[in-house]
$ cat coords-v5.txt   # compact mmCIF, N, CA and C atoms
# COMPACT_ATOMS: atom_id res chain seq x y z
N MET A 2 27.32 15.21 16.83
CA MET A 2 27.45 13.89 17.40
C MET A 2 26.07 13.26 17.54
N THR A 3 25.95 12.06 17.10
CA THR A 3 24.69 11.32 17.18
C THR A 3 24.68 10.46 18.43
N THR A 4 23.57 10.54 19.14
CA THR A 4 23.44 9.72 20.35
C THR A 4 22.91 8.33 19.96
N PRO A 5 23.11 7.35 20.81
CA PRO A 5 22.55 6.02 20.51
C PRO A 5 21.03 6.04 20.36
N GLN A 6 20.34 6.88 21.12
CA GLN A 6 18.88 6.98 21.02
C GLN A 6 18.46 7.53 19.65
N GLN A 7 19.20 8.52 19.14
CA GLN A 7 18.88 9.08 17.83
C GLN A 7 19.12 8.04 16.73
N LEU A 8 20.20 7.31 16.85
CA LEU A 8 20.51 6.27 15.86
C LEU A 8 19.44 5.18 15.87
N LEU A 9 19.03 4.76 17.07
CA LEU A 9 17.98 3.75 17.19
C LEU A 9 16.67 4.25 16.58
N LYS A 10 16.33 5.52 16.82
CA LYS A 10 15.11 6.10 16.25
C LYS A 10 15.18 6.10 14.71
N TYR A 11 16.34 6.45 14.17
CA TYR A 11 16.52 6.46 12.71
C TYR A 11 16.36 5.05 12.13
N VAL A 12 17.01 4.07 12.74
CA VAL A 12 16.95 2.70 12.24
C VAL A 12 15.52 2.16 12.32
N ARG A 13 14.84 2.41 13.44
CA ARG A 13 13.46 1.95 13.56
C ARG A 13 12.55 2.64 12.55
N GLY A 14 12.79 3.91 12.29
CA GLY A 14 12.00 4.63 11.28
C GLY A 14 12.19 4.03 9.90
N HIS A 15 13.43 3.65 9.58
CA HIS A 15 13.69 3.02 8.29
C HIS A 15 12.93 1.71 8.15
N TRP A 16 12.97 0.88 9.18
CA TRP A 16 12.30 -0.41 9.10
C TRP A 16 10.79 -0.27 9.13
N GLN A 17 10.29 0.80 9.73
CA GLN A 17 8.84 1.02 9.69
C GLN A 17 8.39 1.26 8.26
N VAL A 18 9.15 2.05 7.51
CA VAL A 18 8.83 2.27 6.09
C VAL A 18 8.94 0.97 5.33
N GLU A 19 10.02 0.23 5.57
CA GLU A 19 10.22 -1.04 4.88
C GLU A 19 9.06 -2.00 5.14
N ASN A 20 8.66 -2.11 6.40
CA ASN A 20 7.61 -3.07 6.75
C ASN A 20 6.22 -2.61 6.33
N SER A 21 5.94 -1.32 6.37
CA SER A 21 4.59 -0.86 6.07
C SER A 21 4.36 -0.59 4.59
N LEU A 22 5.38 -0.36 3.82
CA LEU A 22 5.18 -0.03 2.41
C LEU A 22 5.79 -1.08 1.49
N HIS A 23 7.09 -1.26 1.57
CA HIS A 23 7.75 -2.14 0.62
C HIS A 23 7.32 -3.60 0.77
N PHE A 24 7.15 -4.05 1.99
CA PHE A 24 6.72 -5.43 2.21
C PHE A 24 5.36 -5.67 1.58
N VAL A 25 4.45 -4.72 1.79
CA VAL A 25 3.10 -4.84 1.23
C VAL A 25 3.16 -4.87 -0.29
N LYS A 26 3.92 -3.99 -0.87
CA LYS A 26 4.00 -3.93 -2.33
C LYS A 26 4.71 -5.15 -2.92
N ASP A 27 5.76 -5.61 -2.24
CA ASP A 27 6.53 -6.73 -2.78
C ASP A 27 5.83 -8.06 -2.56
N ARG A 28 5.29 -8.28 -1.37
CA ARG A 28 4.71 -9.59 -1.05
C ARG A 28 3.27 -9.73 -1.50
N TRP A 29 2.45 -8.72 -1.25
CA TRP A 29 1.02 -8.86 -1.52
C TRP A 29 0.69 -8.60 -2.98
N TRP A 30 1.35 -7.60 -3.56
CA TRP A 30 1.03 -7.29 -4.96
C TRP A 30 2.15 -7.72 -5.90
N ASP A 31 3.15 -8.40 -5.39
CA ASP A 31 4.21 -9.01 -6.20
C ASP A 31 4.81 -8.02 -7.19
N GLU A 32 5.07 -6.82 -6.70
CA GLU A 32 5.51 -5.74 -7.57
C GLU A 32 6.88 -6.00 -8.20
N ASP A 33 7.74 -6.74 -7.52
CA ASP A 33 9.09 -6.96 -8.06
C ASP A 33 9.10 -7.81 -9.33
N ARG A 34 8.08 -8.61 -9.52
CA ARG A 34 8.05 -9.47 -10.71
C ARG A 34 7.45 -8.80 -11.94
N ARG A 35 6.90 -7.63 -11.78
CA ARG A 35 6.32 -6.93 -12.93
C ARG A 35 7.42 -6.23 -13.71
N TRP A 36 7.40 -6.45 -14.97
CA TRP A 36 8.34 -5.74 -15.82
C TRP A 36 7.69 -5.58 -17.18
N THR A 37 8.18 -4.61 -17.92
CA THR A 37 7.65 -4.35 -19.24
C THR A 37 8.71 -3.66 -20.07
N ARG A 38 8.58 -3.76 -21.36
CA ARG A 38 9.50 -3.05 -22.27
C ARG A 38 8.92 -1.73 -22.73
N ARG A 39 7.65 -1.51 -22.42
CA ARG A 39 7.02 -0.24 -22.81
C ARG A 39 7.51 0.88 -21.92
N ALA A 40 7.98 1.92 -22.52
CA ALA A 40 8.52 3.05 -21.76
C ALA A 40 7.42 3.70 -20.91
N GLY A 41 7.70 3.86 -19.63
CA GLY A 41 6.78 4.55 -18.74
C GLY A 41 5.69 3.70 -18.13
N LEU A 42 5.48 2.50 -18.62
CA LEU A 42 4.39 1.67 -18.12
C LEU A 42 4.63 1.19 -16.69
N ALA A 43 5.86 0.82 -16.36
CA ALA A 43 6.17 0.36 -15.00
C ALA A 43 5.89 1.46 -13.98
N GLU A 44 6.23 2.70 -14.33
CA GLU A 44 5.97 3.82 -13.42
C GLU A 44 4.48 4.04 -13.23
N ARG A 45 3.71 3.88 -14.31
CA ARG A 45 2.26 4.06 -14.21
C ARG A 45 1.63 2.96 -13.35
N LEU A 46 2.08 1.74 -13.51
CA LEU A 46 1.56 0.64 -12.69
C LEU A 46 1.93 0.85 -11.22
N ALA A 47 3.14 1.31 -10.95
CA ALA A 47 3.55 1.59 -9.57
C ALA A 47 2.69 2.71 -8.98
N SER A 48 2.36 3.69 -9.79
CA SER A 48 1.50 4.78 -9.31
C SER A 48 0.11 4.27 -8.96
N LEU A 49 -0.41 3.37 -9.76
CA LEU A 49 -1.73 2.79 -9.47
C LEU A 49 -1.71 1.98 -8.17
N VAL A 50 -0.64 1.25 -7.93
CA VAL A 50 -0.51 0.49 -6.69
C VAL A 50 -0.45 1.47 -5.50
N ASN A 51 0.29 2.56 -5.66
CA ASN A 51 0.38 3.55 -4.59
C ASN A 51 -0.99 4.17 -4.30
N VAL A 52 -1.76 4.45 -5.33
CA VAL A 52 -3.10 5.01 -5.14
C VAL A 52 -4.00 3.99 -4.43
N ALA A 53 -3.92 2.74 -4.84
CA ALA A 53 -4.73 1.70 -4.21
C ALA A 53 -4.38 1.56 -2.73
N LEU A 54 -3.11 1.58 -2.38
CA LEU A 54 -2.70 1.49 -0.98
C LEU A 54 -3.19 2.70 -0.19
N THR A 55 -3.08 3.86 -0.77
CA THR A 55 -3.55 5.08 -0.10
C THR A 55 -5.04 5.01 0.16
N LEU A 56 -5.80 4.60 -0.84
CA LEU A 56 -7.25 4.48 -0.66
C LEU A 56 -7.61 3.44 0.39
N LEU A 57 -6.89 2.33 0.40
CA LEU A 57 -7.16 1.31 1.41
C LEU A 57 -6.89 1.84 2.82
N ARG A 58 -5.84 2.62 2.95
CA ARG A 58 -5.50 3.15 4.28
C ARG A 58 -6.47 4.24 4.72
N LEU A 59 -7.07 4.95 3.78
CA LEU A 59 -7.97 6.06 4.11
C LEU A 59 -9.43 5.66 4.26
N THR A 60 -9.81 4.49 3.77
CA THR A 60 -11.21 4.08 3.82
C THR A 60 -11.58 3.61 5.22
N PRO A 61 -12.85 3.81 5.59
CA PRO A 61 -13.30 3.32 6.90
C PRO A 61 -13.21 1.79 6.96
N HIS A 62 -12.83 1.28 8.11
CA HIS A 62 -12.67 -0.16 8.26
C HIS A 62 -12.81 -0.55 9.73
N LYS A 63 -12.93 -1.82 9.94
CA LYS A 63 -12.94 -2.34 11.30
C LYS A 63 -11.54 -2.15 11.89
N SER A 64 -11.48 -1.76 13.14
CA SER A 64 -10.19 -1.40 13.72
C SER A 64 -9.18 -2.54 13.75
N ASN A 65 -9.63 -3.76 13.84
CA ASN A 65 -8.69 -4.87 13.93
C ASN A 65 -8.44 -5.55 12.58
N GLN A 66 -8.93 -4.98 11.51
CA GLN A 66 -8.81 -5.60 10.20
C GLN A 66 -7.52 -5.13 9.51
N PRO A 67 -6.62 -6.04 9.16
CA PRO A 67 -5.39 -5.64 8.49
C PRO A 67 -5.64 -5.16 7.06
N LEU A 68 -4.64 -4.51 6.51
CA LEU A 68 -4.75 -3.92 5.17
C LEU A 68 -5.10 -4.98 4.13
N ARG A 69 -4.48 -6.12 4.20
CA ARG A 69 -4.74 -7.17 3.21
C ARG A 69 -6.20 -7.64 3.27
N ALA A 70 -6.75 -7.74 4.48
CA ALA A 70 -8.15 -8.16 4.63
C ALA A 70 -9.08 -7.11 4.04
N ARG A 71 -8.76 -5.84 4.21
CA ARG A 71 -9.58 -4.78 3.60
C ARG A 71 -9.54 -4.86 2.09
N ALA A 72 -8.37 -5.13 1.54
CA ALA A 72 -8.24 -5.25 0.09
C ALA A 72 -9.06 -6.43 -0.42
N ASP A 73 -8.97 -7.56 0.28
CA ASP A 73 -9.73 -8.74 -0.12
C ASP A 73 -11.23 -8.48 -0.03
N GLU A 74 -11.65 -7.79 1.02
CA GLU A 74 -13.08 -7.49 1.20
C GLU A 74 -13.60 -6.62 0.06
N LEU A 75 -12.81 -5.64 -0.35
CA LEU A 75 -13.25 -4.78 -1.46
C LEU A 75 -13.22 -5.51 -2.80
N CYS A 76 -12.31 -6.47 -2.94
CA CYS A 76 -12.30 -7.28 -4.17
C CYS A 76 -13.57 -8.11 -4.31
N TRP A 77 -14.07 -8.58 -3.18
CA TRP A 77 -15.29 -9.39 -3.19
C TRP A 77 -16.54 -8.54 -3.28
N ASN A 78 -16.42 -7.24 -3.05
CA ASN A 78 -17.56 -6.34 -3.10
C ASN A 78 -17.19 -5.09 -3.90
N PRO A 79 -17.09 -5.22 -5.22
CA PRO A 79 -16.63 -4.09 -6.04
C PRO A 79 -17.59 -2.89 -6.00
N LEU A 80 -18.87 -3.12 -5.78
CA LEU A 80 -19.79 -1.98 -5.70
C LEU A 80 -19.46 -1.11 -4.48
N ARG A 81 -19.12 -1.73 -3.37
CA ARG A 81 -18.72 -0.97 -2.19
C ARG A 81 -17.43 -0.20 -2.47
N ALA A 82 -16.51 -0.81 -3.18
CA ALA A 82 -15.25 -0.14 -3.53
C ALA A 82 -15.52 1.08 -4.39
N LEU A 83 -16.41 0.95 -5.37
CA LEU A 83 -16.73 2.08 -6.24
C LEU A 83 -17.43 3.20 -5.46
N LYS A 84 -18.26 2.83 -4.50
CA LYS A 84 -18.91 3.84 -3.65
C LYS A 84 -17.89 4.57 -2.79
N LEU A 85 -16.91 3.86 -2.28
CA LEU A 85 -15.90 4.47 -1.43
C LEU A 85 -15.08 5.51 -2.18
N ILE A 86 -14.81 5.29 -3.45
CA ILE A 86 -14.02 6.26 -4.20
C ILE A 86 -14.89 7.30 -4.90
N GLY A 87 -16.20 7.20 -4.69
CA GLY A 87 -17.11 8.22 -5.23
C GLY A 87 -17.54 7.99 -6.66
N ALA A 88 -17.33 6.79 -7.18
CA ALA A 88 -17.72 6.51 -8.56
C ALA A 88 -19.21 6.18 -8.67
N LEU A 89 -19.83 5.78 -7.57
CA LEU A 89 -21.27 5.48 -7.53
C LEU A 89 -21.91 6.26 -6.39
N ASP A 90 -23.18 6.56 -6.54
CA ASP A 90 -23.89 7.25 -5.47
C ASP A 90 -24.58 6.27 -4.56

$ encode --input "coords-v5.txt" --output "C-alpha cells"
Amino acid sequence: MTTPQQLLKYVRGHWQVENSLHFVKDRWWDEDRRWTRRAGLAERLASLVNVALTLLRLTPHKSNQPLRARADELCWNPLRALKLIGALD
C-alpha cells in the first residue's frame, strides 16, 4: 500500500528530473528540433549535450549563478572553458 506521502515524494521526484534536465535540454539547447537522417548521429549529439551539461554542473561557479549563465560565460571565454576541461594548461 502506498501512502500519500510516498506518492507525493514520487511525483515531486519526477518533476525534479523534468525541470532540471529535460527543460534545460529542450528549451536552452532546443534539442527537440534537431533531427537527422544519418544513423546514430542524433544519439551522438544527445551524448555531447549530456557531457556539456555534466561539465557545467561540475565546474566551479558563483553560488547564485544559474546553469544558463555559466554556459553563456564559458561561451564568451572559450580559453577558460578549455582550461576547465583540461585541454590547456

$ axis_aligned_box --input "coords-v5.txt" --around "segment 26-35 of chain A" --padding-each-side "3 Å" --output "JSON"
{"center_x": 4.9, "center_y": -6.8, "center_z": -7.3, "size_x": 14.4, "size_y": 11.8, "size_z": 18.8}

$ atom_distance --input "coords-v5.txt" --atom1 "atom CA of Leu54 of chain A" --atom2 "atom N of Thr37 of chain A"
21.0 Å

$ residues_around --input "coords-v5.txt" --residues "segment 64-74 of chain A" --least-positions-apart "6" --cutoff "12 Å" --atoms "only C-alpha atoms" --output "ChimeraX atom specification"
/A:21-22,24-26,28-30,50,53-58,80-82

$ write_last_selection --input "coords-v5.txt" --atoms "N, CA and C atoms" --output "JSON list (two decimals), in the frame of the given file"
[["chain", "number", "residue", "atom", "x", "y", "z"],
["A", 21, "SER", "N", 5.94, -1.32, 6.37],
["A", 21, "SER", "CA", 4.59, -0.86, 6.07],
["A", 21, "SER", "C", 4.36, -0.59, 4.59],
["A", 22, "LEU", "N", 5.38, -0.36, 3.82],
["A", 22, "LEU", "CA", 5.18, -0.03, 2.41],
["A", 22, "LEU", "C", 5.79, -1.08, 1.49],
["A", 24, "PHE", "N", 7.15, -4.05, 1.99],
["A", 24, "PHE", "CA", 6.72, -5.43, 2.21],
["A", 24, "PHE", "C", 5.36, -5.67, 1.58],
["A", 25, "VAL", "N", 4.45, -4.72, 1.79],
["A", 25, "VAL", "CA", 3.10, -4.84, 1.23],
["A", 25, "VAL", "C", 3.16, -4.87, -0.29],
["A", 26, "LYS", "N", 3.92, -3.99, -0.87],
["A", 26, "LYS", "CA", 4.00, -3.93, -2.33],
["A", 26, "LYS", "C", 4.71, -5.15, -2.92],
["A", 28, "ARG", "N", 5.29, -8.28, -1.37],
["A", 28, "ARG", "CA", 4.71, -9.59, -1.05],
["A", 28, "ARG", "C", 3.27, -9.73, -1.50],
["A", 29, "TRP", "N", 2.45, -8.72, -1.25],
["A", 29, "TRP", "CA", 1.02, -8.86, -1.52],
["A", 29, "TRP", "C", 0.69, -8.60, -2.98],
["A", 30, "TRP", "N", 1.35, -7.60, -3.56],
["A", 30, "TRP", "CA", 1.03, -7.29, -4.96],
["A", 30, "TRP", "C", 2.15, -7.72, -5.90],
["A", 50, "VAL", "N", -0.64, 1.25, -7.93],
["A", 50, "VAL", "CA", -0.51, 0.49, -6.69],
["A", 50, "VAL", "C", -0.45, 1.47, -5.50],
["A", 53, "ALA", "N", -3.92, 2.74, -4.84],
["A", 53, "ALA", "CA", -4.73, 1.70, -4.21],
["A", 53, "ALA", "C", -4.38, 1.56, -2.73],
["A", 54, "LEU", "N", -3.11, 1.58, -2.38],
["A", 54, "LEU", "CA", -2.70, 1.49, -0.98],
["A", 54, "LEU", "C", -3.19, 2.70, -0.19],
["A", 55, "THR", "N", -3.08, 3.86, -0.77],
["A", 55, "THR", "CA", -3.55, 5.08, -0.10],
["A", 55, "THR", "C", -5.04, 5.01, 0.16],
["A", 56, "LEU", "N", -5.80, 4.60, -0.84],
["A", 56, "LEU", "CA", -7.25, 4.48, -0.66],
["A", 56, "LEU", "C", -7.61, 3.44, 0.39],
["A", 57, "LEU", "N", -6.89, 2.33, 0.40],
["A", 57, "LEU", "CA", -7.16, 1.31, 1.41],
["A", 57, "LEU", "C", -6.89, 1.84, 2.82],
["A", 58, "ARG", "N", -5.84, 2.62, 2.95],
["A", 58, "ARG", "CA", -5.50, 3.15, 4.28],
["A", 58, "ARG", "C", -6.47, 4.24, 4.72],
["A", 80, "LEU", "N", -18.87, -3.12, -5.78],
["A", 80, "LEU", "CA", -19.79, -1.98, -5.70],
["A", 80, "LEU", "C", -19.46, -1.11, -4.48],
["A", 81, "ARG", "N", -19.12, -1.73, -3.37],
["A", 81, "ARG", "CA", -18.72, -0.97, -2.19],
["A", 81, "ARG", "C", -17.43, -0.20, -2.47],
["A", 82, "ALA", "N", -16.51, -0.81, -3.18],
["A", 82, "ALA", "CA", -15.25, -0.14, -3.53],
["A", 82, "ALA", "C", -15.52, 1.08, -4.39]]

$ atom_distance --input "coords-v5.txt" --atom1 "atom CA of Cys76 of chain A" --atom2 "atom CA of Arg45 of chain A"
21.0 Å

$ select_by_dssp --input "coords-v5.txt" --residues "segment 28-77 of chain A" --states "helix (DSSP H, G or I)" --output "number ranges by chain"
A: 28-29, 32-34, 42-59, 68-77

$ decode --input "coords-v5.txt" --residues "segment 64-77 of chain A" --atoms "N, CA and C atoms" --output "PDB file, in the first residue's frame"
ATOM      1  N   SER A  64      27.953  30.901  -6.526  1.00  0.00           N
ATOM      2  CA  SER A  64      26.839  30.135  -5.965  1.00  0.00           C
ATOM      3  C   SER A  64      25.471  30.567  -6.476  1.00  0.00           C
ATOM      4  N   ASN A  65      25.308  31.819  -6.825  1.00  0.00           N
ATOM      5  CA  ASN A  65      23.998  32.282  -7.263  1.00  0.00           C
ATOM      6  C   ASN A  65      23.846  32.307  -8.781  1.00  0.00           C
ATOM      7  N   GLN A  66      24.799  31.775  -9.500  1.00  0.00           N
ATOM      8  CA  GLN A  66      24.775  31.827 -10.957  1.00  0.00           C
ATOM      9  C   GLN A  66      24.046  30.599 -11.521  1.00  0.00           C
ATOM     10  N   PRO A  67      22.973  30.792 -12.271  1.00  0.00           N
ATOM     11  CA  PRO A  67      22.261  29.647 -12.838  1.00  0.00           C
ATOM     12  C   PRO A  67      23.063  28.963 -13.942  1.00  0.00           C
ATOM     13  N   LEU A  68      22.631  27.769 -14.282  1.00  0.00           N
ATOM     14  CA  LEU A  68      23.338  26.952 -15.272  1.00  0.00           C
ATOM     15  C   LEU A  68      23.459  27.671 -16.609  1.00  0.00           C
ATOM     16  N   ARG A  69      22.417  28.312 -17.043  1.00  0.00           N
ATOM     17  CA  ARG A  69      22.449  29.011 -18.333  1.00  0.00           C
ATOM     18  C   ARG A  69      23.485  30.135 -18.328  1.00  0.00           C
ATOM     19  N   ALA A  70      23.598  30.850 -17.209  1.00  0.00           N
ATOM     20  CA  ALA A  70      24.583  31.932 -17.111  1.00  0.00           C
ATOM     21  C   ALA A  70      25.999  31.369 -17.164  1.00  0.00           C
ATOM     22  N   ARG A  71      26.221  30.220 -16.544  1.00  0.00           N
ATOM     23  CA  ARG A  71      27.548  29.590 -16.616  1.00  0.00           C
ATOM     24  C   ARG A  71      27.881  29.189 -18.041  1.00  0.00           C
ATOM     25  N   ALA A  72      26.899  28.658 -18.754  1.00  0.00           N
ATOM     26  CA  ALA A  72      27.125  28.267 -20.147  1.00  0.00           C
ATOM     27  C   ALA A  72      27.454  29.486 -20.999  1.00  0.00           C
ATOM     28  N   ASP A  73      26.706  30.564 -20.799  1.00  0.00           N
ATOM     29  CA  ASP A  73      26.962  31.789 -21.557  1.00  0.00           C
ATOM     30  C   ASP A  73      28.342  32.351 -21.241  1.00  0.00           C
ATOM     31  N   GLU A  74      28.718  32.315 -19.968  1.00  0.00           N
ATOM     32  CA  GLU A  74      30.032  32.828 -19.559  1.00  0.00           C
ATOM     33  C   GLU A  74      31.164  32.047 -20.230  1.00  0.00           C
ATOM     34  N   LEU A  75      31.015  30.732 -20.291  1.00  0.00           N
ATOM     35  CA  LEU A  75      32.057  29.922 -20.934  1.00  0.00           C
ATOM     36  C   LEU A  75      32.069  30.104 -22.455  1.00  0.00           C
ATOM     37  N   CYS A  76      30.914  30.391 -23.035  1.00  0.00           N
ATOM     38  CA  CYS A  76      30.878  30.676 -24.480  1.00  0.00           C
ATOM     39  C   CYS A  76      31.648  31.947 -24.812  1.00  0.00           C
ATOM     40  N   TRP A  77      31.584  32.920 -23.916  1.00  0.00           N
ATOM     41  CA  TRP A  77      32.284  34.183 -24.132  1.00  0.00           C
ATOM     42  C   TRP A  77      33.757  34.085 -23.772  1.00  0.00           C
TER      43      TRP A  77
END
